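Below is one structure; the comments refer to it alone.
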Amino acid sequence: MKMNMPMNMKMPMEKPAPGGVVKEFPLHWPGSGKPMAMANSNSQMDCCTATSGSTHELVFDPNDDKAFWVSGQKYDHIARVTLDGKAKYFSTNAKKISSGPHGIRFDAKGQLWVTLEWLGELARIETDKNKKGFGSIVERIDVKLYAKGAPKPLDTHPHGLGVAADGALWFTGKLTNTVGRVDAKGKVSHFELPTLGAVPIYLSPGPDGNMWCTELGASNIARITNKL
């Protein structure tokens, strides 16, 4: 059927979708080319080499709409990067040993946390530019496994980091086949995955209130109930 339209009526013109323009911002990590943790790594699941870089995760700052934070695992640094690509770097190896920062998230209180994979710790970072120690570690939580009869604590190698709806911190124990939970009081709980050699990597809260994680070695997705 032919439709007659008024002469003065213009057909609406669709605006083109925004183009996928990509701009890269180089990060010049302290110690680039010779990542500090390389020699001390004992993980067979490492994804990086001394020449391929080690920039891992990022998270936007809910307290500052012009910045985000990035982990540089084998450089033992994290970085605060502004939207124009300018970066400031902060060391995470205050103990003078390799720390391996990887997972990085803000909790429900707006506090920044990072997993220190080589130390078996979660670390809270000061992100208030007006406070002393900006960019430094202000709190540490030991997430190693203390097994009865073991000669020393087992480093879980906390890799991925997530925040549950109730504010609890969750992490993946990459080398101990576990996921862990840290409640508001700092109590740490560990949960073993059913599949041997699952290698849990990343996790995220789901709309069902539970935590979900990926298993690199087993090619599974795992659901872990958040209520204990």
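Each chain in the structure tokens gets a letter, A, B and so on, in the order shown; residues start at 1 in every chain, and ligands are counted from 1 in the order they appear.
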Exercise. Please provide the set of residues having any atom within 6 Å of Thr172 in chain A, restricted to only C-alpha atoms, with same-chain residues fewer than 2 positions apart removed, written as a PyMOL selection string.
Key: chain A and resi 158-160+174+179+200-201
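A straight line drawn from CA of Glu117 in chain A to CA of Gly217 in chain A is 18.0 Å long.
Of the residues under consideration (A:His77, A:Lys132, A:Arg223, A:Arg140), A:Arg140 shows the shortest atom-to-atom contact distance to Trp113 in chain A when counting only C-alpha atoms.
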Practice problem: Run DSSP on the backbone and give me the residues of range 8-225 of chain A it puts in strand (DSSP E), as number ranges by chain. | Solution: A: 55-60, 67-72, 77-82, 87-91, 101-106, 112-116, 121-125, 137-142, 158-163, 169-173, 178-182, 188-192, 200-205, 211-215, 220-224
Exercise. Within 12 Å of Gly133 in chain A, counting only C-alpha atoms, which residues show up once you throw out same-chain ones fewer than 5 positions away? Write them as a VMD selection string, please.
Key: chain A and resid 90 to 91 124 to 128 138 to 139
Exercise. Extract, using only C-alpha atoms, all DNA, RNA and protein residues at most 9 Å from Val188 in chain A, discarding same-chain residues fewer than 6 positions from it, and format them as a list in words.
Key: Ile141, Asp142, Val143, Gly180, Arg181 and Val182 of chain A
Write out, as a CSV table (one decimal), in the first residue's frame, the residues just selected, with N, CA, C and O atoms.
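Below is the file again.csv, written as the result:
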```csv
chain,number,residue,atom,x,y,z
A,141,ILE,N,45.4,-9.2,55.1
A,141,ILE,CA,44.6,-10.4,55.6
A,141,ILE,C,45.3,-11.6,55.1
A,141,ILE,O,45.4,-11.8,53.9
A,142,ASP,N,45.7,-12.5,56.0
A,142,ASP,CA,46.4,-13.7,55.7
A,142,ASP,C,45.3,-14.7,55.2
A,142,ASP,O,44.4,-15.1,56.0
A,143,VAL,N,45.5,-15.2,54.0
A,143,VAL,CA,44.5,-16.2,53.5
A,143,VAL,C,45.1,-17.6,53.1
A,143,VAL,O,44.6,-18.3,52.3
A,180,GLY,N,37.8,-18.8,48.7
A,180,GLY,CA,37.8,-18.4,50.1
A,180,GLY,C,36.9,-17.2,50.3
A,180,GLY,O,36.6,-16.4,49.4
A,181,ARG,N,36.4,-17.0,51.5
A,181,ARG,CA,35.5,-15.9,51.9
A,181,ARG,C,36.1,-15.2,53.1
A,181,ARG,O,36.6,-15.8,54.1
A,182,VAL,N,36.1,-13.8,53.1
A,182,VAL,CA,36.5,-13.0,54.2
A,182,VAL,C,35.3,-12.2,54.7
A,182,VAL,O,34.8,-11.4,53.9
```
